[in-house]
Amino acid sequence: MAKRRYWLMKSEPGTYSIQDLEREGSTMWEGVRNYQARNLMRDECQVGDLVLFYHSSAKPSGVAGLARVSTAPYPDPTQFEVKGPYHDPTSDPNDPRWILVDVEHVETFPEVVPLTALKAEPALADMLVVQKGQRLSVMPVDKDHFKRVCRLAGAKTKIR
DNA sequence: GCCAACGTTGGC
DNA sequence: GCCAACGTTGGC
């Protein structure tokens, strides 16, 4: 089986937006508290993998730009920040439960590609993010779907 | 704000 | 192991 190379990661722009990532250059993808999403970051993400940066609960919700996985997986430090929003008192420091990767900014799209546009595209009918009830905050994306979204966005980045 | 979908928890 | 209750996500 070929390694996965393409991802979609969701963030509420009020919490962390593509503009925040552009300003900072890179960030820890912190606060993921879902086992399936964690397993993908822990077991599947590789340095260099490309990421669709998705704005959720936004106006409009949609793909706002591109990022790239920039580190190997490591424990999410926010799980041990007692006063932080992502504290997990049941996580053992000697065997941390929550794992993350860093992502770096690649490109901010001129305009968000709204979810409605993804749903309107027949070639994207099988894409996970357009499926009903799909709540994973980190999800794999087929290369063909990734390229299609980049084309819809008028992306500068070329996908080989 | 509503609510459908889905994950987690905990009683049994 | 079942499943009801509850919490969260996220589109609308």
# chains A, B, ... in the order shown; residues from 1 in each chain; ligands from 1

$ closest_atom_pairs --of "chain C" --to "chain A" --cutoff "10 Å" --atoms "only C-alpha atoms (C1' of nucleotides)" --output "Markdown table"
| residue | atom | partner | partner_atom | distance |
| --- | --- | --- | --- | --- |
| C:DT8 | C1' | A:Arg135 | CA | 9.7 |
| C:DT9 | C1' | A:Arg135 | CA | 6.1 |
| C:DG10 | C1' | A:Ser57 | CA | 6.0 |
| C:DG11 | C1' | A:Ser57 | CA | 7.6 |

$ select_by_dssp --residues "segment 6-98 of chain A" --states "alpha helix (DSSP H)" --output "PyMOL selection string"
chain A and resi 18-24+35-43

$ write_last_selection --atoms "all heavy atoms" --output "compact mmCIF listing (two decimals), in the first residue's frame"
# COMPACT_ATOMS: atom_id res chain seq x y z
N ILE A 18 -5.64 30.33 8.60
CA ILE A 18 -4.52 30.27 7.65
C ILE A 18 -3.69 31.55 7.71
O ILE A 18 -2.47 31.52 7.51
CB ILE A 18 -5.03 29.99 6.22
CG1 ILE A 18 -3.88 29.71 5.24
CG2 ILE A 18 -5.86 31.17 5.70
CD1 ILE A 18 -3.29 28.35 5.34
N GLN A 19 -4.35 32.67 8.04
CA GLN A 19 -3.60 33.93 8.18
C GLN A 19 -2.68 33.89 9.39
O GLN A 19 -1.56 34.42 9.36
CB GLN A 19 -4.58 35.11 8.30
CG GLN A 19 -5.28 35.48 6.99
CD GLN A 19 -6.42 34.52 6.61
OE1 GLN A 19 -6.96 33.82 7.47
NE2 GLN A 19 -6.79 34.49 5.34
N ASP A 20 -3.15 33.24 10.46
CA ASP A 20 -2.27 33.05 11.63
C ASP A 20 -1.06 32.21 11.24
O ASP A 20 0.07 32.51 11.64
CB ASP A 20 -3.04 32.36 12.76
CG ASP A 20 -4.14 33.24 13.34
OD1 ASP A 20 -3.95 34.47 13.41
OD2 ASP A 20 -5.20 32.69 13.73
N LEU A 21 -1.32 31.16 10.47
CA LEU A 21 -0.22 30.27 10.07
C LEU A 21 0.75 31.01 9.14
O LEU A 21 1.97 30.85 9.26
CB LEU A 21 -0.77 29.03 9.38
CG LEU A 21 0.27 27.99 8.98
CD1 LEU A 21 1.02 27.45 10.20
CD2 LEU A 21 -0.37 26.84 8.20
N GLU A 22 0.21 31.83 8.25
CA GLU A 22 1.08 32.59 7.35
C GLU A 22 1.98 33.53 8.14
O GLU A 22 3.17 33.67 7.84
CB GLU A 22 0.23 33.38 6.34
CG GLU A 22 1.06 34.21 5.39
CD GLU A 22 0.29 34.68 4.16
OE1 GLU A 22 -0.95 34.59 4.15
OE2 GLU A 22 0.96 35.13 3.21
N ARG A 23 1.42 34.15 9.16
CA ARG A 23 2.19 35.09 9.98
C ARG A 23 3.27 34.37 10.78
O ARG A 23 4.40 34.84 10.89
CB ARG A 23 1.23 35.84 10.92
CG ARG A 23 1.88 36.95 11.71
CD ARG A 23 0.86 37.72 12.57
NE ARG A 23 -0.49 37.69 12.02
CZ ARG A 23 -1.50 37.00 12.57
NH1 ARG A 23 -1.31 36.29 13.66
NH2 ARG A 23 -2.70 37.01 12.00
N GLU A 24 2.91 33.21 11.32
CA GLU A 24 3.83 32.52 12.24
C GLU A 24 4.79 31.57 11.51
O GLU A 24 5.79 31.16 12.09
CB GLU A 24 3.03 31.74 13.28
CG GLU A 24 2.23 32.65 14.19
CD GLU A 24 1.43 31.87 15.23
OE1 GLU A 24 1.59 30.64 15.31
OE2 GLU A 24 0.65 32.52 15.95
N TYR A 35 -9.32 9.92 18.80
CA TYR A 35 -8.33 8.85 18.61
C TYR A 35 -8.02 8.59 17.15
O TYR A 35 -6.88 8.32 16.78
CB TYR A 35 -8.81 7.58 19.30
CG TYR A 35 -8.76 7.66 20.80
CD1 TYR A 35 -9.91 7.83 21.55
CD2 TYR A 35 -7.53 7.59 21.46
CE1 TYR A 35 -9.86 7.92 22.93
CE2 TYR A 35 -7.47 7.68 22.85
CZ TYR A 35 -8.64 7.84 23.57
OH TYR A 35 -8.57 7.94 24.94
N GLN A 36 -9.05 8.65 16.31
CA GLN A 36 -8.82 8.37 14.89
C GLN A 36 -7.90 9.43 14.27
O GLN A 36 -6.96 9.11 13.54
CB GLN A 36 -10.17 8.35 14.18
CG GLN A 36 -10.26 7.35 13.06
CD GLN A 36 -11.64 7.36 12.41
OE1 GLN A 36 -12.65 7.68 13.03
NE2 GLN A 36 -11.67 7.02 11.15
N ALA A 37 -8.16 10.69 14.62
CA ALA A 37 -7.32 11.77 14.10
C ALA A 37 -5.91 11.66 14.67
O ALA A 37 -4.92 11.85 13.96
CB ALA A 37 -7.94 13.12 14.45
N ARG A 38 -5.80 11.33 15.95
CA ARG A 38 -4.49 11.15 16.56
C ARG A 38 -3.73 10.04 15.86
O ARG A 38 -2.53 10.17 15.58
CB ARG A 38 -4.63 10.79 18.03
CG ARG A 38 -3.28 10.49 18.68
CD ARG A 38 -3.39 9.57 19.87
NE ARG A 38 -3.84 8.23 19.52
CZ ARG A 38 -4.04 7.26 20.40
NH1 ARG A 38 -3.83 7.50 21.68
NH2 ARG A 38 -4.45 6.07 20.00
N ASN A 39 -4.41 8.91 15.61
CA ASN A 39 -3.73 7.77 14.99
C ASN A 39 -3.19 8.15 13.61
O ASN A 39 -2.11 7.68 13.22
CB ASN A 39 -4.69 6.59 14.87
CG ASN A 39 -5.06 6.00 16.21
OD1 ASN A 39 -4.45 6.33 17.23
ND2 ASN A 39 -6.07 5.16 16.23
N LEU A 40 -3.94 8.96 12.88
CA LEU A 40 -3.46 9.38 11.57
C LEU A 40 -2.19 10.21 11.70
O LEU A 40 -1.23 10.01 10.96
CB LEU A 40 -4.55 10.17 10.83
CG LEU A 40 -5.74 9.33 10.37
CD1 LEU A 40 -6.86 10.23 9.87
CD2 LEU A 40 -5.32 8.35 9.28
N MET A 41 -2.18 11.14 12.65
CA MET A 41 -0.96 11.95 12.83
C MET A 41 0.20 11.11 13.33
O MET A 41 1.33 11.25 12.89
CB MET A 41 -1.23 13.11 13.80
CG MET A 41 -2.09 14.20 13.18
SD MET A 41 -2.01 15.77 14.07
CE MET A 41 -2.94 15.38 15.54
N ARG A 42 -0.11 10.20 14.24
CA ARG A 42 0.94 9.41 14.88
C ARG A 42 1.54 8.38 13.91
O ARG A 42 2.75 8.15 13.90
CB ARG A 42 0.35 8.67 16.08
CG ARG A 42 1.35 7.87 16.90
CD ARG A 42 0.65 7.02 17.93
NE ARG A 42 -0.22 6.03 17.32
CZ ARG A 42 -1.09 5.26 17.99
NH1 ARG A 42 -1.21 5.41 19.30
NH2 ARG A 42 -1.84 4.39 17.35
N ASP A 43 0.67 7.76 13.09
CA ASP A 43 1.10 6.60 12.32
C ASP A 43 1.28 6.88 10.83
O ASP A 43 1.93 6.08 10.14
CB ASP A 43 0.07 5.47 12.46
CG ASP A 43 -0.17 5.09 13.91
OD1 ASP A 43 0.74 5.29 14.74
OD2 ASP A 43 -1.28 4.60 14.22

$ select_by_dssp --residues "chain A" --states "strand (DSSP E or B)" --output "VMD selection string"
chain A and resid 6 to 11 26 to 28 50 to 55 62 to 69 74 to 75 92 95 99 to 100 102 to 114 138 to 140

$ residues_around --residues "Val129 of chain A" --least-positions-apart "2" --cutoff "12 Å" --atoms "only C-alpha atoms (C1' of nucleotides)" --output "mmCIF file with N, CA and C atoms (P, O5', C5', C4', C3', O3' and C1' of nucleotides), in the first residue's frame"
data_model
loop_
_atom_site.group_PDB
_atom_site.id
_atom_site.type_symbol
_atom_site.label_atom_id
_atom_site.label_comp_id
_atom_site.auth_asym_id
_atom_site.auth_seq_id
_atom_site.Cartn_x
_atom_site.Cartn_y
_atom_site.Cartn_z
ATOM 1 N N TRP A 7 -3.467 15.384 3.042
ATOM 2 C CA TRP A 7 -4.326 15.486 4.218
ATOM 3 C C TRP A 7 -5.207 16.713 4.139
ATOM 4 N N LEU A 8 -6.263 16.671 4.969
ATOM 5 C CA LEU A 8 -7.048 17.869 5.229
ATOM 6 C C LEU A 8 -7.109 18.032 6.739
ATOM 7 N N MET A 9 -6.817 19.233 7.215
ATOM 8 C CA MET A 9 -6.888 19.518 8.645
ATOM 9 C C MET A 9 -7.818 20.701 8.863
ATOM 10 N N LYS A 10 -8.697 20.521 9.869
ATOM 11 C CA LYS A 10 -9.711 21.540 10.155
ATOM 12 C C LYS A 10 -9.288 22.405 11.326
ATOM 13 N N LEU A 52 -4.436 20.316 3.067
ATOM 14 C CA LEU A 52 -5.461 21.330 2.818
ATOM 15 C C LEU A 52 -5.859 21.921 4.170
ATOM 16 N N PHE A 53 -5.693 23.225 4.317
ATOM 17 C CA PHE A 53 -6.028 23.901 5.577
ATOM 18 C C PHE A 53 -7.476 24.354 5.481
ATOM 19 N N TYR A 54 -8.331 23.735 6.295
ATOM 20 C CA TYR A 54 -9.775 23.922 6.193
ATOM 21 C C TYR A 54 -10.289 24.775 7.339
ATOM 22 N N HIS A 55 -11.043 25.807 6.980
ATOM 23 C CA HIS A 55 -11.706 26.632 8.001
ATOM 24 C C HIS A 55 -13.095 26.066 8.276
ATOM 25 N N SER A 56 -13.317 25.625 9.509
ATOM 26 C CA SER A 56 -14.637 25.113 9.891
ATOM 27 C C SER A 56 -15.382 26.148 10.719
ATOM 28 N N SER A 61 -17.338 28.286 5.425
ATOM 29 C CA SER A 61 -16.449 27.164 5.703
ATOM 30 C C SER A 61 -15.856 26.687 4.379
ATOM 31 N N GLY A 62 -14.593 26.270 4.430
ATOM 32 C CA GLY A 62 -13.973 25.762 3.213
ATOM 33 C C GLY A 62 -12.469 25.713 3.321
ATOM 34 N N VAL A 63 -11.829 25.382 2.185
ATOM 35 C CA VAL A 63 -10.375 25.237 2.163
ATOM 36 C C VAL A 63 -9.749 26.611 1.936
ATOM 37 N N PRO A 114 -15.182 27.353 -0.933
ATOM 38 C CA PRO A 114 -16.208 26.985 0.044
ATOM 39 C C PRO A 114 -16.630 25.526 -0.062
ATOM 40 N N LEU A 115 -17.111 25.010 1.041
ATOM 41 C CA LEU A 115 -17.603 23.633 1.054
ATOM 42 C C LEU A 115 -18.664 23.424 -0.025
ATOM 43 N N THR A 116 -19.494 24.431 -0.249
ATOM 44 C CA THR A 116 -20.538 24.308 -1.280
ATOM 45 C C THR A 116 -19.917 24.066 -2.652
ATOM 46 N N ALA A 117 -18.759 24.686 -2.921
ATOM 47 C CA ALA A 117 -18.089 24.484 -4.209
ATOM 48 C C ALA A 117 -17.531 23.070 -4.308
ATOM 49 N N LEU A 118 -17.034 22.551 -3.190
ATOM 50 C CA LEU A 118 -16.534 21.166 -3.194
ATOM 51 C C LEU A 118 -17.693 20.209 -3.467
ATOM 52 N N LYS A 119 -18.825 20.479 -2.824
ATOM 53 C CA LYS A 119 -19.986 19.606 -2.998
ATOM 54 C C LYS A 119 -20.544 19.685 -4.411
ATOM 55 N N LEU A 124 -15.349 15.455 -6.932
ATOM 56 C CA LEU A 124 -15.055 15.421 -5.498
ATOM 57 C C LEU A 124 -16.154 14.727 -4.693
ATOM 58 N N ALA A 125 -17.067 14.054 -5.390
ATOM 59 C CA ALA A 125 -18.213 13.452 -4.700
ATOM 60 C C ALA A 125 -17.790 12.444 -3.634
ATOM 61 N N ASP A 126 -16.637 11.790 -3.836
ATOM 62 C CA ASP A 126 -16.173 10.781 -2.877
ATOM 63 C C ASP A 126 -15.233 11.355 -1.818
ATOM 64 N N MET A 127 -14.928 12.635 -1.904
ATOM 65 C CA MET A 127 -14.004 13.228 -0.932
ATOM 66 C C MET A 127 -14.628 13.183 0.454
ATOM 67 N N GLN A 131 -18.700 14.389 2.809
ATOM 68 C CA GLN A 131 -19.645 13.375 3.271
ATOM 69 C C GLN A 131 -20.381 13.871 4.518
ATOM 70 N N LYS A 132 -21.629 13.513 4.621
ATOM 71 C CA LYS A 132 -22.448 13.922 5.755
ATOM 72 C C LYS A 132 -21.925 13.285 7.053
ATOM 73 N N GLY A 133 -21.888 14.081 8.095
ATOM 74 C CA GLY A 133 -21.508 13.568 9.399
ATOM 75 C C GLY A 133 -20.031 13.298 9.572
ATOM 76 N N GLN A 134 -19.227 13.750 8.611
ATOM 77 C CA GLN A 134 -17.784 13.520 8.701
ATOM 78 C C GLN A 134 -17.144 14.590 9.576
ATOM 79 N N ARG A 135 -16.749 14.195 10.779
ATOM 80 C CA ARG A 135 -16.287 15.198 11.741
ATOM 81 C C ARG A 135 -14.798 15.123 12.042
ATOM 82 N N LEU A 136 -14.094 14.199 11.427
ATOM 83 C CA LEU A 136 -12.669 14.071 11.728
ATOM 84 C C LEU A 136 -11.939 15.384 11.457
ATOM 85 N N SER A 137 -11.067 15.772 12.389
ATOM 86 C CA SER A 137 -10.358 17.039 12.210
ATOM 87 C C SER A 137 -9.066 16.859 11.424
ATOM 88 N N VAL A 138 -8.618 15.609 11.292
ATOM 89 C CA VAL A 138 -7.492 15.286 10.413
ATOM 90 C C VAL A 138 -7.950 14.123 9.551
ATOM 91 N N MET A 139 -7.953 14.308 8.239
ATOM 92 C CA MET A 139 -8.434 13.223 7.388
ATOM 93 C C MET A 139 -7.593 13.102 6.128
ATOM 94 N N PRO A 140 -7.472 11.877 5.615
ATOM 95 C CA PRO A 140 -6.702 11.675 4.387
ATOM 96 C C PRO A 140 -7.456 12.199 3.171
ATOM 97 N N VAL A 141 -6.706 12.607 2.169
ATOM 98 C CA VAL A 141 -7.269 13.122 0.917
ATOM 99 C C VAL A 141 -6.596 12.385 -0.242
ATOM 100 N N ASP A 142 -7.386 11.926 -1.184
ATOM 101 C CA ASP A 142 -6.819 11.328 -2.392
ATOM 102 C C ASP A 142 -6.023 12.377 -3.163
ATOM 103 N N HIS A 145 -8.107 14.208 -5.665
ATOM 104 C CA HIS A 145 -8.977 15.191 -5.029
ATOM 105 C C HIS A 145 -8.176 16.428 -4.615
ATOM 106 N N PHE A 146 -6.997 16.171 -4.097
ATOM 107 C CA PHE A 146 -6.137 17.278 -3.657
ATOM 108 C C PHE A 146 -5.813 18.202 -4.832
ATOM 109 N N VAL A 149 -8.855 20.267 -5.874
ATOM 110 C CA VAL A 149 -9.111 21.408 -4.986
ATOM 111 C C VAL A 149 -8.113 22.525 -5.270
ATOM 112 P P DG C 10 -15.230 19.522 13.352
ATOM 113 O "O5'" DG C 10 -16.468 20.166 12.604
ATOM 114 C "C5'" DG C 10 -17.316 19.322 11.826
ATOM 115 C "C4'" DG C 10 -18.506 20.119 11.437
ATOM 116 C "C3'" DG C 10 -18.206 21.556 10.972
ATOM 117 O "O3'" DG C 10 -18.917 21.791 9.797
ATOM 118 C "C1'" DG C 10 -19.925 21.568 12.523
ATOM 119 P P DG C 11 -18.483 22.801 8.689
ATOM 120 O "O5'" DG C 11 -19.753 22.669 7.748
ATOM 121 C "C5'" DG C 11 -20.290 21.379 7.460
ATOM 122 C "C4'" DG C 11 -21.788 21.470 7.366
ATOM 123 C "C3'" DG C 11 -22.287 22.646 6.547
ATOM 124 O "O3'" DG C 11 -23.378 22.205 5.741
ATOM 125 C "C1'" DG C 11 -23.207 22.753 8.724
#

$ closest_residue --among "A:Arg5, A:Met28, A:Arg148, A:Cys45" --to "Val113 of chain A" --atoms "only C-alpha atoms"
A:Arg148

$ atom_distance --atom1 "atom CA of His105 of chain A" --atom2 "atom CA of Gly14 of chain A"
17.6 Å

$ closest_residue --among "A:Gln46, A:Asn34, A:Thr71, A:Ser91" --to "DC6 of chain B" --atoms "only C-alpha atoms (C1' of nucleotides)"
A:Asn34

$ closest_residue --among "A:Pro77, A:Val82, A:Pro110, A:Ser70" --to "Pro96 of chain A" --atoms "only C-alpha atoms"
A:Pro77

$ atom_distance --atom1 "atom CA of Leu66 of chain A" --atom2 "atom CA of Phe109 of chain A"
7.7 Å

$ atom_distance --atom1 "atom CA of Thr27 of chain A" --atom2 "atom CA of Glu104 of chain A"
6.5 Å
